[in-house]
file start_4.pdb (PDB, C-alpha atoms)
ATOM      1  CA  MET A   1       9.332 -25.150   7.528
ATOM      2  CA  LEU A   2      10.660 -28.670   8.072
ATOM      3  CA  LYS A   3      12.814 -28.331   4.974
ATOM      4  CA  LEU A   4      14.259 -25.108   6.335
ATOM      5  CA  LEU A   5      14.790 -26.612   9.794
ATOM      6  CA  ASP A   6      16.538 -29.508   8.143
ATOM      7  CA  ALA A   7      18.844 -27.236   6.136
ATOM      8  CA  LEU A   8      19.685 -25.022   9.087
ATOM      9  CA  SER A   9      20.259 -27.924  11.473
ATOM     10  CA  VAL A  10      23.166 -29.186   9.361
ATOM     11  CA  ARG A  11      26.215 -27.328  10.701
ATOM     12  CA  SER A  12      23.860 -25.450  12.987
ATOM     13  CA  ASP A  13      26.610 -23.204  14.385
ATOM     14  CA  ASP A  14      27.335 -21.713  10.947
ATOM     15  CA  TRP A  15      25.689 -18.523   9.766
ATOM     16  CA  ARG A  16      23.912 -18.990   6.419
ATOM     17  CA  HIS A  17      22.806 -16.427   3.855
ATOM     18  CA  GLY A  18      19.319 -16.292   2.369
ATOM     19  CA  TYR A  19      20.316 -16.946  -1.239
ATOM     20  CA  ASP A  20      22.508 -19.897  -0.247
ATOM     21  CA  ILE A  21      19.612 -21.421   1.729
ATOM     22  CA  MET A  22      17.362 -20.936  -1.309
ATOM     23  CA  LYS A  23      19.780 -22.824  -3.521
ATOM     24  CA  GLU A  24      20.279 -25.547  -0.947
ATOM     25  CA  THR A  25      16.616 -26.165  -0.163
ATOM     26  CA  GLY A  26      15.035 -25.269  -3.488
ATOM     27  CA  LEU A  27      12.681 -22.871  -1.691
ATOM     28  CA  LEU A  28      11.754 -19.708  -3.571
ATOM     29  CA  SER A  29      12.442 -16.306  -2.056
ATOM     30  CA  GLY A  30       8.689 -15.733  -1.651
ATOM     31  CA  THR A  31       8.503 -18.810   0.589
ATOM     32  CA  LEU A  32      11.864 -18.574   2.326
ATOM     33  CA  TYR A  33      11.715 -15.003   3.629
ATOM     34  CA  PRO A  34       8.220 -15.179   5.210
ATOM     35  CA  LEU A  35       9.317 -18.473   6.832
ATOM     36  CA  LEU A  36      12.523 -16.927   8.163
ATOM     37  CA  MET A  37      10.587 -13.901   9.467
ATOM     38  CA  ARG A  38       8.092 -16.104  11.298
ATOM     39  CA  MET A  39      10.758 -18.413  12.697
ATOM     40  CA  THR A  40      12.755 -15.400  13.900
ATOM     41  CA  ASP A  41       9.614 -13.974  15.549
ATOM     42  CA  GLN A  42       9.098 -17.330  17.268
ATOM     43  CA  GLY A  43      12.697 -17.396  18.500
ATOM     44  CA  LEU A  44      13.642 -20.433  16.397
ATOM     45  CA  VAL A  45      16.087 -18.582  14.155
ATOM     46  CA  GLU A  46      18.469 -15.738  14.904
ATOM     47  CA  ALA A  47      19.483 -13.205  12.277
ATOM     48  CA  GLU A  48      22.563 -11.038  12.120
ATOM     49  CA  TRP A  49      24.215  -8.671   9.677
ATOM     50  CA  ARG A  50      27.554 -10.147   8.603
ATOM     51  CA  GLU A  51      30.407  -8.497   6.762
ATOM     52  CA  PRO A  52      30.707  -9.822   3.194
ATOM     53  CA  ALA A  53      33.448 -12.233   2.182
ATOM     54  CA  GLN A  54      34.374  -9.971  -0.757
ATOM     55  CA  PRO A  55      35.376  -6.389   0.067
ATOM     56  CA  GLY A  56      33.249  -3.628  -1.458
ATOM     57  CA  ARG A  57      30.059  -5.658  -1.196
ATOM     58  CA  PRO A  58      27.227  -4.647   1.166
ATOM     59  CA  PRO A  59      26.788  -6.542   4.463
ATOM     60  CA  ARG A  60      24.527  -9.587   4.225
ATOM     61  CA  HIS A  61      21.849 -10.872   6.541
ATOM     62  CA  ALA A  62      22.754 -14.281   7.898
ATOM     63  CA  TYR A  63      20.713 -16.846   9.814
ATOM     64  CA  ARG A  64      21.178 -19.810  12.094
ATOM     65  CA  LEU A  65      19.051 -21.839  14.488
ATOM     66  CA  THR A  66      18.746 -20.782  18.100
ATOM     67  CA  ALA A  67      18.920 -23.372  20.912
ATOM     68  CA  ARG A  68      15.122 -23.556  20.742
ATOM     69  CA  GLY A  69      15.276 -24.032  16.972
ATOM     70  CA  ARG A  70      17.852 -26.806  17.343
ATOM     71  CA  ALA A  71      15.647 -28.518  19.925
ATOM     72  CA  LEU A  72      12.680 -28.341  17.549
ATOM     73  CA  ALA A  73      14.843 -29.686  14.721
ATOM     74  CA  LEU A  74      15.751 -32.678  16.900
ATOM     75  CA  GLU A  75      12.133 -33.251  17.932
ATOM     76  CA  THR A  76      10.849 -33.182  14.369
ATOM     77  CA  ARG A  77      13.703 -35.152  12.851
ATOM     78  CA  GLU A  78      11.555 -38.271  12.514
ATOM     79  CA  GLU A  79       8.934 -36.392  10.507
ATOM     80  CA  ARG A  80      11.473 -35.517   7.834
ATOM     81  CA  PRO A  81      13.060 -37.784   5.236
ATOM     82  CA  LEU A  82      16.772 -38.273   5.799
ATOM     83  CA  PRO A  83      18.836 -35.807   3.779
ATOM     84  CA  GLY A  84      20.308 -37.348   0.660
ATOM     85  CA  PHE A  85      17.594 -40.035   0.406
ATOM     86  CA  LYS A  86      14.654 -39.787  -1.939
ATOM     87  CA  GLU A  87      11.302 -41.217  -0.916
ATOM     88  CA  VAL A  88      10.323 -43.984  -3.309
ATOM     89  CA  PRO A  89       6.679 -45.058  -3.432
ATOM     90  CA  VAL A  90       6.307 -48.790  -2.761
TER      91      VAL A  90
ATOM     92  CA  MET B   1      16.946  -3.895 -18.174
ATOM     93  CA  THR B   2      16.157  -7.085 -16.217
ATOM     94  CA  VAL B   3      18.403  -5.942 -13.375
ATOM     95  CA  ASN B   4      16.694  -2.538 -13.228
ATOM     96  CA  LEU B   5      13.278  -4.184 -13.285
ATOM     97  CA  ALA B   6      14.356  -6.558 -10.507
ATOM     98  CA  ARG B   7      15.587  -3.605  -8.432
ATOM     99  CA  ALA B   8      12.261  -1.821  -8.962
ATOM    100  CA  VAL B   9      10.290  -4.934  -7.959
ATOM    101  CA  THR B  10      12.475  -5.355  -4.858
ATOM    102  CA  ALA B  11      11.898  -1.696  -3.962
ATOM    103  CA  VAL B  12       8.126  -2.308  -4.098
ATOM    104  CA  ALA B  13       8.596  -5.384  -1.897
ATOM    105  CA  GLU B  14      10.601  -3.259   0.583
ATOM    106  CA  ALA B  15       7.814  -0.688   0.691
ATOM    107  CA  CYS B  16       5.227  -3.439   1.274
ATOM    108  CA  LEU B  17       7.173  -4.793   4.241
ATOM    109  CA  GLY B  18       6.963  -1.461   6.070
ATOM    110  CA  ASP B  19       9.019  -0.058   8.922
ATOM    111  CA  ARG B  20       8.697  -3.019  11.272
ATOM    112  CA  ARG B  21      10.311  -5.344   8.711
ATOM    113  CA  ARG B  22      12.919  -2.807   7.557
ATOM    114  CA  ASP B  23      15.772  -5.184   8.367
ATOM    115  CA  TRP B  24      14.220  -7.911   6.221
ATOM    116  CA  ALA B  25      13.690  -5.469   3.376
ATOM    117  CA  LEU B  26      17.393  -4.560   3.512
ATOM    118  CA  ALA B  27      18.253  -8.258   3.674
ATOM    119  CA  MET B  28      16.311  -8.870   0.458
ATOM    120  CA  ARG B  29      18.050  -5.913  -1.175
ATOM    121  CA  SER B  30      21.517  -7.187  -0.261
ATOM    122  CA  GLU B  31      20.681 -10.722  -1.490
ATOM    123  CA  LEU B  32      19.471  -9.272  -4.790
ATOM    124  CA  ASP B  33      23.116  -8.493  -5.631
ATOM    125  CA  VAL B  34      23.895 -12.192  -5.206
ATOM    126  CA  ALA B  35      20.881 -13.107  -7.355
ATOM    127  CA  ILE B  36      22.114 -10.679 -10.039
ATOM    128  CA  ALA B  37      25.538 -12.332  -9.980
ATOM    129  CA  ASP B  38      23.754 -15.699 -10.256
ATOM    130  CA  GLY B  39      21.753 -14.482 -13.280
ATOM    131  CA  LYS B  40      18.296 -14.844 -11.668
ATOM    132  CA  PRO B  41      17.448 -11.393 -10.316
ATOM    133  CA  LEU B  42      13.872 -11.153 -11.579
ATOM    134  CA  ARG B  43      12.840 -14.527 -10.188
ATOM    135  CA  PHE B  44      14.309 -13.594  -6.815
ATOM    136  CA  ALA B  45      12.696 -10.137  -6.809
ATOM    137  CA  ALA B  46       9.270 -11.454  -7.867
ATOM    138  CA  GLY B  47       9.416 -14.005  -5.052
ATOM    139  CA  CYS B  48      10.318 -11.289  -2.543
ATOM    140  CA  LEU B  49       7.382  -9.186  -3.726
ATOM    141  CA  ALA B  50       4.970 -12.131  -3.498
ATOM    142  CA  GLY B  51       6.227 -12.909   0.019
ATOM    143  CA  ALA B  52       5.966  -9.272   1.098
ATOM    144  CA  LEU B  53       2.405  -8.990  -0.264
ATOM    145  CA  ARG B  54       1.391 -12.136   1.622
ATOM    146  CA  GLU B  55       2.899 -10.690   4.812
ATOM    147  CA  MET B  56       0.978  -7.399   4.600
ATOM    148  CA  PRO B  57      -2.421  -8.551   5.938
ATOM    149  CA  LYS B  58      -0.668 -10.283   8.865
ATOM    150  CA  GLN B  59       0.843  -7.036  10.215
ATOM    151  CA  ALA B  60      -1.083  -4.064  11.622
ATOM    152  CA  GLU B  61       0.997  -1.654   9.545
ATOM    153  CA  GLY B  62       0.407  -3.751   6.424
ATOM    154  CA  ARG B  63      -3.348  -3.796   7.037
ATOM    155  CA  PHE B  64      -3.271  -0.025   7.498
ATOM    156  CA  THR B  65      -1.365   0.418   4.220
ATOM    157  CA  LEU B  66      -3.801  -1.832   2.336
ATOM    158  CA  THR B  67      -6.803   0.027   3.787
ATOM    159  CA  SER B  68      -5.208   3.414   2.969
ATOM    160  CA  HIS B  69      -4.834   2.326  -0.649
ATOM    161  CA  ALA B  70      -8.430   1.071  -0.742
ATOM    162  CA  VAL B  71      -9.712   4.388   0.674
ATOM    163  CA  ALA B  72      -7.466   6.398  -1.666
ATOM    164  CA  LEU B  73      -8.694   4.461  -4.698
ATOM    165  CA  GLY B  74     -12.259   4.732  -3.427
ATOM    166  CA  LEU B  75     -11.977   8.536  -3.450
ATOM    167  CA  PHE B  76     -11.256   8.708  -7.178
ATOM    168  CA  PRO B  77     -14.904   8.108  -8.170
ATOM    169  CA  ILE B  78     -15.821  11.330  -6.304
ATOM    170  CA  ALA B  79     -13.482  13.324  -8.537
ATOM    171  CA  ALA B  80     -14.754  11.339 -11.539
ATOM    172  CA  ILE B  81     -18.388  12.227 -10.699
ATOM    173  CA  MET B  82     -17.420  15.904 -10.445
ATOM    174  CA  LEU B  83     -15.634  15.707 -13.805
ATOM    175  CA  VAL B  84     -18.649  14.064 -15.450
ATOM    176  CA  GLY B  85     -20.800  16.760 -13.844
ATOM    177  CA  ILE B  86     -18.643  19.510 -15.305
ATOM    178  CA  ALA B  87     -18.751  17.833 -18.708
ATOM    179  CA  ALA B  88     -22.569  17.770 -18.424
ATOM    180  CA  GLY B  89     -22.642  21.479 -17.619
ATOM    181  CA  PHE B  90     -22.890  21.378 -13.825
ATOM    182  CA  PRO B  91     -23.894  23.627 -12.191
ATOM    183  CA  PHE B  92     -24.949  25.804 -15.115
ATOM    184  CA  LEU B  93     -26.850  23.388 -17.334
ATOM    185  CA  PRO B  94     -29.066  21.077 -15.248
ATOM    186  CA  SER B  95     -31.051  18.630 -17.352
ATOM    187  CA  GLY B  96     -34.474  20.175 -17.214
ATOM    188  CA  HIS B  97     -36.762  18.447 -14.726
ATOM    189  CA  ALA B  98     -35.228  15.001 -15.125
ATOM    190  CA  GLY B  99     -33.486  15.224 -11.737
ATOM    191  CA  ILE B 100     -30.194  13.602 -10.773
ATOM    192  CA  SER B 101     -31.205  10.166 -12.040
ATOM    193  CA  GLY B 102     -32.147  11.681 -15.381
ATOM    194  CA  TRP B 103     -28.899  13.612 -15.495
ATOM    195  CA  LEU B 104     -26.891  10.451 -14.707
ATOM    196  CA  ALA B 105     -28.832   8.595 -17.399
ATOM    197  CA  GLY B 106     -28.170  11.383 -19.884
ATOM    198  CA  GLY B 107     -31.885  12.225 -20.140
ATOM    199  CA  GLY B 108     -33.711  15.537 -19.777
ATOM    200  CA  GLN B 109     -33.377  18.683 -21.749
ATOM    201  CA  PRO B 110     -30.469  20.918 -20.741
ATOM    202  CA  VAL B 111     -31.729  24.298 -19.567
ATOM    203  CA  GLN B 112     -29.549  27.362 -19.405
ATOM    204  CA  LEU B 113     -29.964  28.591 -15.825
ATOM    205  CA  LEU B 114     -27.501  31.436 -15.899
ATOM    206  CA  THR B 115     -29.292  34.660 -16.639
ATOM    207  CA  PRO B 116     -27.723  37.918 -17.798
ATOM    208  CA  TRP B 117     -27.626  39.200 -14.197
ATOM    209  CA  ASN B 118     -25.903  36.165 -12.651
ATOM    210  CA  ARG B 119     -23.724  35.224 -15.619
ATOM    211  CA  GLY B 120     -20.859  37.192 -14.082
ATOM    212  CA  PHE B 121     -20.598  34.551 -11.344
ATOM    213  CA  ALA B 122     -19.926  31.789 -13.874
ATOM    214  CA  PRO B 123     -16.088  32.062 -13.884
ATOM    215  CA  ALA B 124     -15.954  32.071 -10.061
ATOM    216  CA  LEU B 125     -18.270  29.045  -9.873
ATOM    217  CA  ALA B 126     -16.316  27.231 -12.572
ATOM    218  CA  LEU B 127     -13.080  27.926 -10.693
ATOM    219  CA  LEU B 128     -14.643  26.592  -7.506
ATOM    220  CA  VAL B 129     -15.787  23.384  -9.197
ATOM    221  CA  TRP B 130     -12.390  22.816 -10.795
ATOM    222  CA  GLY B 131     -10.743  23.537  -7.435
ATOM    223  CA  LEU B 132     -12.955  20.884  -5.844
ATOM    224  CA  VAL B 133     -11.979  18.352  -8.510
ATOM    225  CA  ALA B 134      -8.296  19.150  -7.912
ATOM    226  CA  GLY B 135      -8.833  18.826  -4.156
ATOM    227  CA  HIS B 136     -10.489  15.411  -4.527
ATOM    228  CA  LEU B 137      -7.674  14.255  -6.815
ATOM    229  CA  LEU B 138      -4.936  15.434  -4.428
ATOM    230  CA  MET B 139      -6.515  13.887  -1.320
ATOM    231  CA  PRO B 140      -5.629  10.222  -2.152
ATOM    232  CA  TRP B 141      -2.033  11.286  -2.846
ATOM    233  CA  PHE B 142      -1.633  12.942   0.574
ATOM    234  CA  ILE B 143      -3.355  10.009   2.306
ATOM    235  CA  LEU B 144      -0.877   7.535   0.804
ATOM    236  CA  GLU B 145       2.013   9.808   1.819
ATOM    237  CA  ARG B 146       0.515   9.884   5.352
ATOM    238  CA  ASP B 147       0.891  13.658   5.246
ATOM    239  CA  TRP B 148      -1.899  14.309   7.742
ATOM    240  CA  THR B 149      -1.227  18.056   7.968
ATOM    241  CA  ARG B 150      -1.900  18.420   4.244
ATOM    242  CA  VAL B 151      -4.824  15.990   4.442
ATOM    243  CA  ALA B 152      -6.410  18.153   7.176
ATOM    244  CA  THR B 153      -5.787  21.362   5.201
ATOM    245  CA  LEU B 154      -7.244  19.838   2.044
ATOM    246  CA  ALA B 155     -10.265  18.504   3.957
ATOM    247  CA  ARG B 156     -10.956  22.041   5.224
ATOM    248  CA  VAL B 157     -10.479  23.545   1.746
ATOM    249  CA  ASN B 158     -12.750  20.926   0.117
ATOM    250  CA  SER B 159     -15.396  21.457   2.814
ATOM    251  CA  ALA B 160     -15.243  25.238   2.417
ATOM    252  CA  ALA B 161     -15.420  24.980  -1.391
ATOM    253  CA  THR B 162     -18.428  22.620  -1.234
ATOM    254  CA  VAL B 163     -20.284  24.869   1.238
ATOM    255  CA  THR B 164     -19.488  27.959  -0.877
ATOM    256  CA  LEU B 165     -20.667  26.192  -4.024
ATOM    257  CA  PHE B 166     -23.818  25.133  -2.210
ATOM    258  CA  LEU B 167     -24.529  28.693  -1.021
ATOM    259  CA  PHE B 168     -23.863  30.265  -4.419
ATOM    260  CA  THR B 169     -25.908  27.628  -6.219
ATOM    261  CA  GLY B 170     -28.819  28.460  -3.893
ATOM    262  CA  ALA B 171     -28.317  32.210  -4.049
ATOM    263  CA  LEU B 172     -28.262  32.153  -7.859
ATOM    264  CA  PHE B 173     -31.437  30.010  -7.957
ATOM    265  CA  LEU B 174     -29.585  27.169  -9.696
ATOM    266  CA  ASP B 175     -30.708  23.587  -9.051
ATOM    267  CA  VAL B 176     -29.531  22.875  -5.464
ATOM    268  CA  ALA B 177     -30.429  19.186  -5.885
ATOM    269  CA  PHE B 178     -27.270  18.844  -7.938
ATOM    270  CA  MET B 179     -25.245  19.676  -4.851
ATOM    271  CA  VAL B 180     -26.306  16.380  -3.256
ATOM    272  CA  LEU B 181     -23.625  14.405  -5.107
ATOM    273  CA  PRO B 182     -20.662  16.653  -4.156
ATOM    274  CA  ALA B 183     -21.980  16.846  -0.570
ATOM    275  CA  VAL B 184     -22.273  13.056  -0.266
ATOM    276  CA  GLY B 185     -18.848  12.679  -1.873
ATOM    277  CA  LEU B 186     -17.347  15.102   0.611
ATOM    278  CA  ALA B 187     -19.013  13.325   3.545
ATOM    279  CA  ILE B 188     -17.584   9.963   2.403
ATOM    280  CA  GLU B 189     -14.154  11.532   1.960
ATOM    281  CA  LEU B 190     -14.169  13.136   5.421
ATOM    282  CA  LEU B 191     -15.344   9.920   7.094
ATOM    283  CA  GLY B 192     -12.642   7.870   5.339
ATOM    284  CA  VAL B 193      -9.931  10.375   6.241
ATOM    285  CA  TRP B 194     -11.078  10.579   9.890
ATOM    286  CA  PHE B 195     -11.122   6.786  10.193
ATOM    287  CA  LEU B 196      -7.585   6.494   8.746
ATOM    288  CA  TYR B 197      -6.279   9.343  10.900
ATOM    289  CA  ARG B 198      -7.584   7.745  14.107
ATOM    290  CA  TRP B 199      -6.154   4.363  13.105
ATOM    291  CA  GLN B 200      -2.700   5.711  12.292
ATOM    292  CA  ALA B 201      -2.660   7.759  15.516
ATOM    293  CA  HIS B 202      -3.264   4.508  17.434
ATOM    294  CA  LEU B 203      -0.836   2.483  15.289
ATOM    295  CA  PHE B 204       2.063   4.934  15.469
ATOM    296  CA  ALA B 205       1.475   6.062  19.070
ATOM    297  CA  GLY B 206       4.741   6.248  20.995
ATOM    298  CA  ALA B 207       6.832   5.326  17.952
ATOM    299  CA  PRO B 208       9.633   7.457  16.507
ATOM    300  CA  PRO B 209       8.454   9.757  13.675
ATOM    301  CA  GLY B 210       7.492   7.728  10.625
ATOM    302  CA  MET B 211       7.818   4.356  12.376
ATOM    303  CA  ALA B 212       5.064   1.970  13.424
ATOM    304  CA  ASP B 213       5.024   1.064  17.104
ATOM    305  CA  ALA B 214       4.166  -2.617  16.619
TER     306      ALA B 214
END

call {"tool": "encode", "arguments": {"input": "start_4.pdb", "output": "structure tokens"}}
result
Amino acid sequence: MLKLLDALSVRSDDWRHGYDIMKETGLLSGTLYPLLMRMTDQGLVEAEWREPAQPGRPPRHAYRLTARGRALALETREERPLPGFKEVPV
Amino acid sequence: MTVNLARAVTAVAEACLGDRRRDWALAMRSELDVAIADGKPLRFAAGCLAGALREMPKQAEGRFTLTSHAVALGLFPIAAIMLVGIAAGFPFLPSGHAGISGWLAGGGQPVQLLTPWNRGFAPALALLVWGLVAGHLLMPWFILERDWTRVATLARVNSAATVTLFLFTGALFLDVAFMVLPAVGLAIELLGVWFLYRWQAHLFAGAPPGMADA
């Protein structure tokens, strides 16, 4: 969940699609979708159907953090490694 | 081939998610097109199915679906017992005095119970037994379709057929003890169906037709 919070908190105003989040976070669809469902149920994520960028394609479900989700992302920031840095065992 | 398989797997995942998660099922379906374009449809679809299966026990509708499948599968042995019975000659060739346990174990000496005067009933009895087998085989199908009108009709038909078989078996002086298995099978079937019917009535109360309330 922290990984997902981290990914969604970057450009938190932007709507993101499920497959793009999968590629960005490395989460598999079997992990990502149950997480998104739960976070939506808890009011941390909002979901919306968005028109596709390419005409003729079906609408896509898109997600972004709610104000509550953004607050949680800020609170838990210290628990997560900074994006772009790999933890190296000392 | 892979794309078709991925679509089929996603369709199963959609069914597992149920009505309450319909939006999420459609979301998975629309993302599958992106996964196909990316060349990884099967991996995406398998993940969706795994996620949907893990979600099922957490939702009331999912638990109901899982229980329905368990009950439906549990009803097949009843039909299987009837089929084995027919293969062993039930209700015309009971195994001597070995009783049900002897019959199940394949012991006892088969004894022709139909006499010249009651032999004319054999086709009607055979039809009744085959009708019961068909009824027990159809019941799981209707349960999984949640077609409770047909389930109720079939429950009445199966009950009537079992009672008729019981009466005829007694009237023709055939071994009534052999009716214990179909009677117990029917009782289990009726209890399972009643339990599921009550549960679904509670689960779907106040919801639009075909949709779970919560």

call {"tool": "closest_residue", "arguments": {"input": "start_4.pdb", "among": "A:Thr40, A:Gln54, A:Ser9, A:Thr31", "to": "A:Thr76", "atoms": "all atoms listed in the file"}}
result
A:Ser9

call {"tool": "resolve_selection", "arguments": {"input": "start_4.pdb", "expression": "the PyMOL selection byres ((chain B) within 8 of (chain A))", "output": "list in words"}}
result
Trp24, Ala27, Ser30, Glu31, Val34, Ala35, Phe44, Ala45, Ala46, Gly47, Cys48, Leu49, Ala50, Gly51, Ala52 and Glu55 of chain B

call {"tool": "write_last_selection", "arguments": {"input": "start_4.pdb", "atoms": "C-alpha atoms", "output": "JSON list (two decimals), in the coordinates of the input"}}
result
[["chain", "number", "residue", "atom", "x", "y", "z"],
["B", 24, "TRP", "CA", 14.22, -7.91, 6.22],
["B", 27, "ALA", "CA", 18.25, -8.26, 3.67],
["B", 30, "SER", "CA", 21.52, -7.19, -0.26],
["B", 31, "GLU", "CA", 20.68, -10.72, -1.49],
["B", 34, "VAL", "CA", 23.90, -12.19, -5.21],
["B", 35, "ALA", "CA", 20.88, -13.11, -7.36],
["B", 44, "PHE", "CA", 14.31, -13.59, -6.82],
["B", 45, "ALA", "CA", 12.70, -10.14, -6.81],
["B", 46, "ALA", "CA", 9.27, -11.45, -7.87],
["B", 47, "GLY", "CA", 9.42, -14.00, -5.05],
["B", 48, "CYS", "CA", 10.32, -11.29, -2.54],
["B", 49, "LEU", "CA", 7.38, -9.19, -3.73],
["B", 50, "ALA", "CA", 4.97, -12.13, -3.50],
["B", 51, "GLY", "CA", 6.23, -12.91, 0.02],
["B", 52, "ALA", "CA", 5.97, -9.27, 1.10],
["B", 55, "GLU", "CA", 2.90, -10.69, 4.81]]

call {"tool": "resolve_selection", "arguments": {"input": "start_4.pdb", "expression": "the PyMOL selection byres ((chain B and resi 124-130) around 10)", "output": "ChimeraX atom specification"}}
result
/B:79,82-83,85-86,89-92,120-123,131-136,158,161-162,164-165,168-169,182

call {"tool": "write_last_selection", "arguments": {"input": "start_4.pdb", "atoms": "C-alpha atoms", "output": "PDB file, keeping the file's coordinate frame"}}
result
ATOM      1  CA  ALA B  79     -13.482  13.324  -8.537  1.00  0.00           C
ATOM      2  CA  MET B  82     -17.420  15.904 -10.445  1.00  0.00           C
ATOM      3  CA  LEU B  83     -15.634  15.707 -13.805  1.00  0.00           C
ATOM      4  CA  GLY B  85     -20.800  16.760 -13.844  1.00  0.00           C
ATOM      5  CA  ILE B  86     -18.643  19.510 -15.305  1.00  0.00           C
ATOM      6  CA  GLY B  89     -22.642  21.479 -17.619  1.00  0.00           C
ATOM      7  CA  PHE B  90     -22.890  21.378 -13.825  1.00  0.00           C
ATOM      8  CA  PRO B  91     -23.894  23.627 -12.191  1.00  0.00           C
ATOM      9  CA  PHE B  92     -24.949  25.804 -15.115  1.00  0.00           C
ATOM     10  CA  GLY B 120     -20.859  37.192 -14.082  1.00  0.00           C
ATOM     11  CA  PHE B 121     -20.598  34.551 -11.344  1.00  0.00           C
ATOM     12  CA  ALA B 122     -19.926  31.789 -13.874  1.00  0.00           C
ATOM     13  CA  PRO B 123     -16.088  32.062 -13.884  1.00  0.00           C
ATOM     14  CA  GLY B 131     -10.743  23.537  -7.435  1.00  0.00           C
ATOM     15  CA  LEU B 132     -12.955  20.884  -5.844  1.00  0.00           C
ATOM     16  CA  VAL B 133     -11.979  18.352  -8.510  1.00  0.00           C
ATOM     17  CA  ALA B 134      -8.296  19.150  -7.912  1.00  0.00           C
ATOM     18  CA  GLY B 135      -8.833  18.826  -4.156  1.00  0.00           C
ATOM     19  CA  HIS B 136     -10.489  15.411  -4.527  1.00  0.00           C
ATOM     20  CA  ASN B 158     -12.750  20.926   0.117  1.00  0.00           C
ATOM     21  CA  ALA B 161     -15.420  24.980  -1.391  1.00  0.00           C
ATOM     22  CA  THR B 162     -18.428  22.620  -1.234  1.00  0.00           C
ATOM     23  CA  THR B 164     -19.488  27.959  -0.877  1.00  0.00           C
ATOM     24  CA  LEU B 165     -20.667  26.192  -4.024  1.00  0.00           C
ATOM     25  CA  PHE B 168     -23.863  30.265  -4.419  1.00  0.00           C
ATOM     26  CA  THR B 169     -25.908  27.628  -6.219  1.00  0.00           C
ATOM     27  CA  PRO B 182     -20.662  16.653  -4.156  1.00  0.00           C
TER      28      PRO B 182
END

call {"tool": "atom_distance", "arguments": {"input": "start_4.pdb", "atom1": "atom CA of B:Cys16", "atom2": "atom CA of B:Arg54"}}
result
9.5 Å

call {"tool": "resolve_selection", "arguments": {"input": "start_4.pdb", "expression": "the PyMOL selection byres ((chain A and resi 8) around 9)", "output": "list in words"}}
result
Lys3, Leu4, Leu5, Asp6, Ala7, Ser9, Val10, Arg11, Ser12, Asp13, Asp14, Trp15, Arg16, Ile21, Val45, Tyr63, Arg64, Leu65, Arg70 and Ala73 of chain A

call {"tool": "write_last_selection", "arguments": {"input": "start_4.pdb", "atoms": "C-alpha atoms", "output": "mmCIF file, keeping the file's coordinate frame"}}
result
data_model
loop_
_atom_site.group_PDB
_atom_site.id
_atom_site.type_symbol
_atom_site.label_atom_id
_atom_site.label_comp_id
_atom_site.auth_asym_id
_atom_site.auth_seq_id
_atom_site.Cartn_x
_atom_site.Cartn_y
_atom_site.Cartn_z
ATOM 1 C CA LYS A 3 12.814 -28.331 4.974
ATOM 2 C CA LEU A 4 14.259 -25.108 6.335
ATOM 3 C CA LEU A 5 14.790 -26.612 9.794
ATOM 4 C CA ASP A 6 16.538 -29.508 8.143
ATOM 5 C CA ALA A 7 18.844 -27.236 6.136
ATOM 6 C CA SER A 9 20.259 -27.924 11.473
ATOM 7 C CA VAL A 10 23.166 -29.186 9.361
ATOM 8 C CA ARG A 11 26.215 -27.328 10.701
ATOM 9 C CA SER A 12 23.860 -25.450 12.987
ATOM 10 C CA ASP A 13 26.610 -23.204 14.385
ATOM 11 C CA ASP A 14 27.335 -21.713 10.947
ATOM 12 C CA TRP A 15 25.689 -18.523 9.766
ATOM 13 C CA ARG A 16 23.912 -18.990 6.419
ATOM 14 C CA ILE A 21 19.612 -21.421 1.729
ATOM 15 C CA VAL A 45 16.087 -18.582 14.155
ATOM 16 C CA TYR A 63 20.713 -16.846 9.814
ATOM 17 C CA ARG A 64 21.178 -19.810 12.094
ATOM 18 C CA LEU A 65 19.051 -21.839 14.488
ATOM 19 C CA ARG A 70 17.852 -26.806 17.343
ATOM 20 C CA ALA A 73 14.843 -29.686 14.721
#

call {"tool": "axis_aligned_box", "arguments": {"input": "start_4.pdb", "around": "stretch 11-25 of chain B", "padding_each_side": "6 Å", "output": "lines of an AutoDock Vina configuration file"}}
result
center_x = 10.5
center_y = -4.0
center_z = 3.6
size_x = 22.5
size_y = 19.9
size_z = 27.4

call {"tool": "closest_residue", "arguments": {"input": "start_4.pdb", "among": "B:Val12, B:Val184, B:Arg21, B:Asn4", "to": "B:Ile36", "atoms": "all atoms listed in the file"}}
result
B:Asn4
